Amino acid sequence: MAKIFAVTIILIAIGSAIPIVMHTWQLPQDISTHGPLIDEQYADTMAEAGISFLASQILLAFFIWKFSNVKPGTKTKNFPGGAMGLVIAAFLLVGTEVLALGVFGAKAWASVYFTPPAANAMPVQVQAGQFAFYFRYPGPDGKFGPLHPDQINEANANFFGLDTTHDPDSKDDIVTAEMAIPVNREIHLLMHSKDLGHSFFVPELRVQQDFVPGLDLSVHFTATKVGKYEIVCTQLCGLGHYNMKAYLEVMSPEDFDNWIKQQAALQ
Amino acid sequence: MHDMSAHAVHHGAPTSFIRKHVFSLDHKVIGKQYYALALVAVVWGMVLSWIMRIHLGWGNYAIPGLHLLSSNGAPGNVMTPEYYLQLMTMHGTIMVFFVLTTAPFAAFGNFFLPIQVGAEDMPFPHFNMMSFWVTFVAFLVLVSSFFVGEGPTLGGWTQYAPLSAVGSVAGPGQGLGVVLWAASIAIFCVGQLLGSLNFITTTLDMRTRGMSLMRLPLSAWAWFITSVMGLTAFAVLMPACILLILDHVAGTSFFVPSNLVINGQLLPHTGGSTLLWQHLFWFFGHPEVYIAIVPGMGIVSHVLVTNMRKPLLSHRVMIYSMGALAVLSYMVYGHHMFVSGMNPFSSLAFSFPTLVITIPSTIIVLIWLGSLYGAKLRINTASLFALAFISMFISGGVSGFFLAQPSIDIMLHATYFVVGHFHLVMAVAAIFGIFSGTYFWFPKMAGRMMNENLGKLHFWLSFVGTYCIFMPFHYLGIAGNVRRYQAFTDDYLIPLIPVHKFITVAAILTGLAQFIFIYNLIHSHFKGAPATDNPWEATSLEWSTATPPPHNNFGDKMPVVYHDPYQYSVEGASTEFVMQTSPEQYANPHEEK
């Protein structure tokens, strides 16, 4: 039975690795400028984790095969080098591995979070609420009008609580249910939650960031490929969580200019 | 080392049924009560997962009797979105608190810690009894939420604010359901604090003559380390739950900021912090992962050593590594919050200890593997589950490399990758530890042997089935499959539904196999072959007393300990193994230098 067990462990280990090696399921395509660093970090980690996984499972299986049900009278043996050798190996191998992952991973993280957006980045505000995203563009004046939560009225399509009568900055704000951005232009996304915790996740854009009610956050990114992508919520926000989504359309600059004009006309 | 006469626990053997089996002060009965509670809870939690899995694979399938579990959750026995989330929340809460905390720690620890240290009982038997009954009340309070108001809370076992703190305006079950949830968990914390206090004092003050700390078996060490974690972690979760209840019933705003508009209503709350809940919860939550898994490590080490017929390469290194996990577990909790809106510098600060924690974990795995080298391994159900635990722990552990890094977490956070990771590394591994402990200690607990053939059948179905369920979760996560969705309507998720169907079938079959275990457990309890005092030829104190142990554990004479716990295959000794209580002296004992 020990030998069957050992073989089963190896079959499971190899079977688990096959879909990874064959790329049966993989990260969605990357359409961001910061994504390659993340993807490289992911690939390095996959290689290191994969080797650790296969090596330890195979070793476990091998020892089970070799050292079970041995003949009576056989003497037990100690692993050459003893515990200290293994402790040193763990510190050296895993210590170096995690240090490398940590340092290079920090670089990838820093590229996303520690660099301020460029001065000419295009601001877009996204508001999350049960169970929809709404987007706001500042209009020709380049300024967002202030929010008045008490004036939110979905029946009147005032999703953000704008007071266009009294706030001049709000007058030309453009509110949409779909997000469109020009390709190869940095976007400064200002995140606001109307009600609860939500999240903004576009796998292709390599962006996932929670909305924190009471705390407006921002992220910035540049999309490099024209196309239509899904924005999904990843923070449990109630019964409609699974269906909270919007589309992100990455357009050519000309298409985007036309789109924003059309949206402005609809306000 | 302590002289037991100074600390003797005096409570005579009970005579009435109630004092003997219900409100018992005997740690062994309390241990069995915890085990029974965990068994009821795990079946309940597993059935909930079946319902969820069927729904994820076949969306509108009517599950007969589903409406009975909820007042309004399943009209026509078809799942509603909120009902899915309610079942999911209950599945997580029941499993984490009432199974993974109670069975490996409270159940086995209660039964065996006093015996392994050589004590008559725990120092505070009344606290111990209260600890179980308080936990039982906590379970009733949690389950009651199925039957009142709008049913249980839908906020997930993590109960992130403000969803959990604003009341029923946020969704069904978010009013009374959350209050019952938080009350249940706060009560549960009281039970665990009482238990932890007893475990710590038992280990430090109740050891018999000759039982130095280094002579404690690894299982005893694991329970001791876990109880220290329990004392500090549950002491934080309890006040957090009380604050959450106050936000509901007293109009406070600990976790709710100003200006929230929900369902068209501007909420009256002002000034709270939503991230405060996450910090409090995960300060408990990450040590909780180790509260679930460290006892398993101790149990598995204990079972393996007995079946390898040789001690681990180093007893001391194993203890220090488990201790290191416990200490580091408080410094890593922020890795649950990389994309939460916490300062991104904090994410890096939490990332490094998270990566560092892989070092003691690796040492533990290498010590197990290195100790297998040159062993005389006996294959039985207990040792099969112990070896499978190692395999699961490795599989679940390596995915931690990904999640420890904030940059990769951007892609994998809140996906099924996380679900696969924690199910393997803390849930299934811990459950395999429980199985290993059960097959190993059942003879001592019940006085009868479990059926080995049924045990092995149970093992094979569980081992292969578990991998079929949880490995594909990682693939789904890599493809971006978000967790906590009751249906997959996004364009990129629809192609993944066949994988969910495969997982559902595997989950149902593997779940059904668990009834072989329950049958074996119950049948062997009454009809199993009588067990001898030491059926595994083991050395620690539980095997030197009668089977099952008498009320005061060791009869008239308290044991005296002469050796380190694992004297197997000792050269120069008269027998293949030397009990801790054997006064025999020999040339080359396995002693820690």
# chains A, B, ... in the order shown; residues from 1 in each chain; ligands from 1

$ residues_around --residues "Ser193 (chain A)" --least-positions-apart "5" --cutoff "7 Å" --atoms "only C-alpha atoms" --output "VMD selection string"
chain A and resid 127 to 129 211 to 213

$ residues_around --residues "His241 (chain A)" --least-positions-apart "4" --cutoff "9 Å" --atoms "only C-alpha atoms" --output "ChimeraX atom specification"
/A:130-131,198,233-237,245 /B:81,484-486

$ residues_around --residues "Leu59 (chain A)" --least-positions-apart "2" --cutoff "12 Å" --atoms "only C-alpha atoms" --output "PDB file with N, CA and C atoms, in the first residue's frame"
ATOM      1  N   ALA A   6       2.830   6.175  -2.639  1.00  0.00           N
ATOM      2  CA  ALA A   6       3.920   6.984  -3.187  1.00  0.00           C
ATOM      3  C   ALA A   6       3.647   7.338  -4.648  1.00  0.00           C
ATOM      4  N   VAL A   7       3.201   6.336  -5.418  1.00  0.00           N
ATOM      5  CA  VAL A   7       2.922   6.593  -6.834  1.00  0.00           C
ATOM      6  C   VAL A   7       1.770   7.590  -6.964  1.00  0.00           C
ATOM      7  N   ILE A   9       0.927   9.973  -4.923  1.00  0.00           N
ATOM      8  CA  ILE A   9       1.404  11.338  -4.625  1.00  0.00           C
ATOM      9  C   ILE A   9       2.098  11.922  -5.855  1.00  0.00           C
ATOM     10  N   ILE A  10       2.944  11.102  -6.505  1.00  0.00           N
ATOM     11  CA  ILE A  10       3.669  11.609  -7.679  1.00  0.00           C
ATOM     12  C   ILE A  10       2.707  11.915  -8.825  1.00  0.00           C
ATOM     13  N   ALA A  13       0.978  15.103  -8.035  1.00  0.00           N
ATOM     14  CA  ALA A  13       1.869  16.262  -8.173  1.00  0.00           C
ATOM     15  C   ALA A  13       2.074  16.610  -9.649  1.00  0.00           C
ATOM     16  N   ILE A  51       8.883  24.339  -8.524  1.00  0.00           N
ATOM     17  CA  ILE A  51      10.015  23.447  -8.229  1.00  0.00           C
ATOM     18  C   ILE A  51       9.920  22.955  -6.778  1.00  0.00           C
ATOM     19  N   SER A  52       9.637  23.873  -5.858  1.00  0.00           N
ATOM     20  CA  SER A  52       9.511  23.473  -4.438  1.00  0.00           C
ATOM     21  C   SER A  52       8.420  22.428  -4.275  1.00  0.00           C
ATOM     22  N   PHE A  53       7.286  22.668  -4.953  1.00  0.00           N
ATOM     23  CA  PHE A  53       6.139  21.755  -4.851  1.00  0.00           C
ATOM     24  C   PHE A  53       6.505  20.365  -5.355  1.00  0.00           C
ATOM     25  N   LEU A  54       7.044  20.311  -6.590  1.00  0.00           N
ATOM     26  CA  LEU A  54       7.349  19.002  -7.177  1.00  0.00           C
ATOM     27  C   LEU A  54       8.458  18.297  -6.395  1.00  0.00           C
ATOM     28  N   ALA A  55       9.500  19.051  -6.033  1.00  0.00           N
ATOM     29  CA  ALA A  55      10.625  18.427  -5.338  1.00  0.00           C
ATOM     30  C   ALA A  55      10.176  17.847  -4.001  1.00  0.00           C
ATOM     31  N   SER A  56       9.389  18.611  -3.230  1.00  0.00           N
ATOM     32  CA  SER A  56       9.008  18.092  -1.905  1.00  0.00           C
ATOM     33  C   SER A  56       8.039  16.926  -2.028  1.00  0.00           C
ATOM     34  N   GLN A  57       7.108  17.002  -2.978  1.00  0.00           N
ATOM     35  CA  GLN A  57       6.150  15.887  -3.106  1.00  0.00           C
ATOM     36  C   GLN A  57       6.875  14.615  -3.560  1.00  0.00           C
ATOM     37  N   ALA A  61       7.189  11.155  -1.519  1.00  0.00           N
ATOM     38  CA  ALA A  61       6.776   9.878  -2.107  1.00  0.00           C
ATOM     39  C   ALA A  61       7.932   8.877  -2.092  1.00  0.00           C
ATOM     40  N   PHE A  62       9.124   9.358  -2.446  1.00  0.00           N
ATOM     41  CA  PHE A  62      10.287   8.478  -2.506  1.00  0.00           C
ATOM     42  C   PHE A  62      10.586   7.869  -1.127  1.00  0.00           C
ATOM     43  N   PHE A  63      10.542   8.706  -0.094  1.00  0.00           N
ATOM     44  CA  PHE A  63      10.839   8.207   1.258  1.00  0.00           C
ATOM     45  C   PHE A  63       9.758   7.237   1.736  1.00  0.00           C
ATOM     46  N   ILE A  64       8.507   7.516   1.356  1.00  0.00           N
ATOM     47  CA  ILE A  64       7.435   6.594   1.751  1.00  0.00           C
ATOM     48  C   ILE A  64       7.665   5.239   1.075  1.00  0.00           C
ATOM     49  N   TRP A  65       8.031   5.298  -0.217  1.00  0.00           N
ATOM     50  CA  TRP A  65       8.296   4.075  -0.984  1.00  0.00           C
ATOM     51  C   TRP A  65       9.427   3.285  -0.338  1.00  0.00           C
ATOM     52  N   LYS A  66      10.497   3.999  -0.023  1.00  0.00           N
ATOM     53  CA  LYS A  66      11.739   3.335   0.383  1.00  0.00           C
ATOM     54  C   LYS A  66      11.738   2.891   1.849  1.00  0.00           C
ATOM     55  N   PHE A  67      11.097   3.639   2.704  1.00  0.00           N
ATOM     56  CA  PHE A  67      11.299   3.376   4.130  1.00  0.00           C
ATOM     57  C   PHE A  67      10.073   2.824   4.843  1.00  0.00           C
TER      58      PHE A  67
ATOM     59  N   VAL B 365       8.612  21.159   7.444  1.00  0.00           N
ATOM     60  CA  VAL B 365       8.438  20.146   6.397  1.00  0.00           C
ATOM     61  C   VAL B 365       9.728  19.351   6.201  1.00  0.00           C
ATOM     62  N   LEU B 366      10.875  20.061   6.181  1.00  0.00           N
ATOM     63  CA  LEU B 366      12.148  19.357   5.981  1.00  0.00           C
ATOM     64  C   LEU B 366      12.461  18.417   7.138  1.00  0.00           C
ATOM     65  N   TRP B 368      10.230  16.816   8.893  1.00  0.00           N
ATOM     66  CA  TRP B 368       9.407  15.621   8.655  1.00  0.00           C
ATOM     67  C   TRP B 368      10.040  14.737   7.580  1.00  0.00           C
ATOM     68  N   LEU B 369      10.409  15.381   6.457  1.00  0.00           N
ATOM     69  CA  LEU B 369      10.968  14.594   5.345  1.00  0.00           C
ATOM     70  C   LEU B 369      12.283  13.948   5.763  1.00  0.00           C
ATOM     71  N   GLY B 370      13.157  14.737   6.393  1.00  0.00           N
ATOM     72  CA  GLY B 370      14.452  14.223   6.812  1.00  0.00           C
ATOM     73  C   GLY B 370      14.310  13.095   7.822  1.00  0.00           C
ATOM     74  N   SER B 371      13.265  13.172   8.640  1.00  0.00           N
ATOM     75  CA  SER B 371      13.061  12.126   9.649  1.00  0.00           C
ATOM     76  C   SER B 371      12.540  10.846   9.007  1.00  0.00           C
ATOM     77  N   LEU B 372      11.826  10.988   7.880  1.00  0.00           N
ATOM     78  CA  LEU B 372      11.338   9.793   7.187  1.00  0.00           C
ATOM     79  C   LEU B 372      12.503   8.966   6.651  1.00  0.00           C
ATOM     80  N   TYR B 373      13.600   9.685   6.329  1.00  0.00           N
ATOM     81  CA  TYR B 373      14.784   8.982   5.814  1.00  0.00           C
ATOM     82  C   TYR B 373      15.270   7.992   6.863  1.00  0.00           C
ATOM     83  N   ILE B 390       1.162  16.078   5.349  1.00  0.00           N
ATOM     84  CA  ILE B 390       2.387  16.735   4.869  1.00  0.00           C
ATOM     85  C   ILE B 390       2.226  17.132   3.409  1.00  0.00           C
ATOM     86  N   SER B 391       1.677  16.199   2.620  1.00  0.00           N
ATOM     87  CA  SER B 391       1.473  16.496   1.203  1.00  0.00           C
ATOM     88  C   SER B 391       0.553  17.712   1.020  1.00  0.00           C
ATOM     89  N   ILE B 394       2.269  20.987   2.069  1.00  0.00           N
ATOM     90  CA  ILE B 394       3.206  21.459   1.032  1.00  0.00           C
ATOM     91  C   ILE B 394       2.414  22.135  -0.093  1.00  0.00           C
TER      92      ILE B 394
END

$ residues_around --residues "region 106-111 of chain A" --least-positions-apart "3" --cutoff "12 Å" --atoms "only C-alpha atoms" --output "PyMOL selection string"
(chain A and resi 32-42+98-103+114-117+206-207+219-221) or (chain B and resi 338-339+344-352+404-411)

$ residues_around --residues "region 445-454 of chain B" --least-positions-apart "3" --cutoff "10 Å" --atoms "only C-alpha atoms" --output "JSON, numbers by chain"
{"B": [28, 29, 31, 32, 108, 111, 112, 380, 381, 382, 438, 439, 440, 441, 442, 457, 458, 459, 516, 517, 519, 520, 521, 522, 523, 524, 525, 526, 527, 528, 529, 530, 531, 532, 533, 535, 542, 546, 547, 548, 549]}

$ select_by_dssp --residues "region 198-256 of chain A" --states "helix (DSSP H, G or I)" --output "PyMOL selection string"
chain A and resi 203-205+241-243+253-256

$ write_last_selection --atoms "C-alpha atoms" --output "PDB file, in the first residue's frame"
ATOM      1  CA  PRO A 203      -7.798  41.539 -14.711  1.00  0.00           C
ATOM      2  CA  GLU A 204      -6.385  42.623 -18.088  1.00  0.00           C
ATOM      3  CA  LEU A 205      -5.391  45.990 -16.663  1.00  0.00           C
ATOM      4  CA  HIS A 241     -22.281  41.366  -5.628  1.00  0.00           C
ATOM      5  CA  TYR A 242     -21.881  38.705  -8.325  1.00  0.00           C
ATOM      6  CA  ASN A 243     -23.603  40.921 -10.831  1.00  0.00           C
ATOM      7  CA  PRO A 253      -7.848  58.965 -29.036  1.00  0.00           C
ATOM      8  CA  GLU A 254     -10.163  59.975 -31.903  1.00  0.00           C
ATOM      9  CA  ASP A 255     -12.865  57.495 -30.898  1.00  0.00           C
ATOM     10  CA  PHE A 256     -12.570  58.626 -27.309  1.00  0.00           C
TER      11      PHE A 256
END

$ residues_around --residues "Val250 (chain A)" --least-positions-apart "3" --cutoff "7 Å" --atoms "only C-alpha atoms" --output "list of chain:residue names"
A:Ala180, A:Ile181, A:Pro182, A:Val183, A:Lys225, A:Val226, A:Gly227, A:Lys228

$ write_last_selection --atoms "N, CA and C atoms" --output "PDB file, in the first residue's frame"
ATOM      1  N   ALA A 180     -14.906  54.671 -20.489  1.00  0.00           N
ATOM      2  CA  ALA A 180     -14.118  54.665 -21.728  1.00  0.00           C
ATOM      3  C   ALA A 180     -12.854  55.469 -21.472  1.00  0.00           C
ATOM      4  N   ILE A 181     -11.743  55.006 -22.023  1.00  0.00           N
ATOM      5  CA  ILE A 181     -10.480  55.736 -21.870  1.00  0.00           C
ATOM      6  C   ILE A 181      -9.707  55.659 -23.178  1.00  0.00           C
ATOM      7  N   PRO A 182      -8.889  56.678 -23.423  1.00  0.00           N
ATOM      8  CA  PRO A 182      -8.051  56.603 -24.626  1.00  0.00           C
ATOM      9  C   PRO A 182      -6.863  55.671 -24.376  1.00  0.00           C
ATOM     10  N   VAL A 183      -6.465  54.989 -25.447  1.00  0.00           N
ATOM     11  CA  VAL A 183      -5.337  54.061 -25.343  1.00  0.00           C
ATOM     12  C   VAL A 183      -4.040  54.857 -25.151  1.00  0.00           C
ATOM     13  N   LYS A 225      -3.913  48.631 -25.130  1.00  0.00           N
ATOM     14  CA  LYS A 225      -4.549  47.890 -26.218  1.00  0.00           C
ATOM     15  C   LYS A 225      -6.022  48.251 -26.313  1.00  0.00           C
ATOM     16  N   VAL A 226      -6.444  48.624 -27.499  1.00  0.00           N
ATOM     17  CA  VAL A 226      -7.853  48.955 -27.718  1.00  0.00           C
ATOM     18  C   VAL A 226      -8.695  47.697 -27.525  1.00  0.00           C
ATOM     19  N   GLY A 227      -9.843  47.855 -26.914  1.00  0.00           N
ATOM     20  CA  GLY A 227     -10.721  46.694 -26.731  1.00  0.00           C
ATOM     21  C   GLY A 227     -11.730  46.949 -25.631  1.00  0.00           C
ATOM     22  N   LYS A 228     -12.581  45.936 -25.398  1.00  0.00           N
ATOM     23  CA  LYS A 228     -13.625  46.066 -24.378  1.00  0.00           C
ATOM     24  C   LYS A 228     -13.355  45.044 -23.282  1.00  0.00           C
TER      25      LYS A 228
END

$ closest_residue --among "A:Thr165, A:Ala49, A:Tyr229, A:Gly73" --to "Ile31 (chain A)" --atoms "only C-alpha atoms"
A:Tyr229

$ closest_residue --among "B:Leu142, B:Thr232, B:Ala375, B:Ala182" --to "Pro72 (chain A)" --atoms "only C-alpha atoms"
B:Ala375

$ closest_residue --among "B:Gly210, B:Gly296, B:Pro360, B:Pro498" --to "Leu325 (chain B)" --atoms "only C-alpha atoms"
B:Pro360

$ closest_residue --among "A:Met122, A:Leu196, A:Leu217, A:Met84" --to "Gly167 (chain B)" --atoms "only C-alpha atoms"
A:Leu196
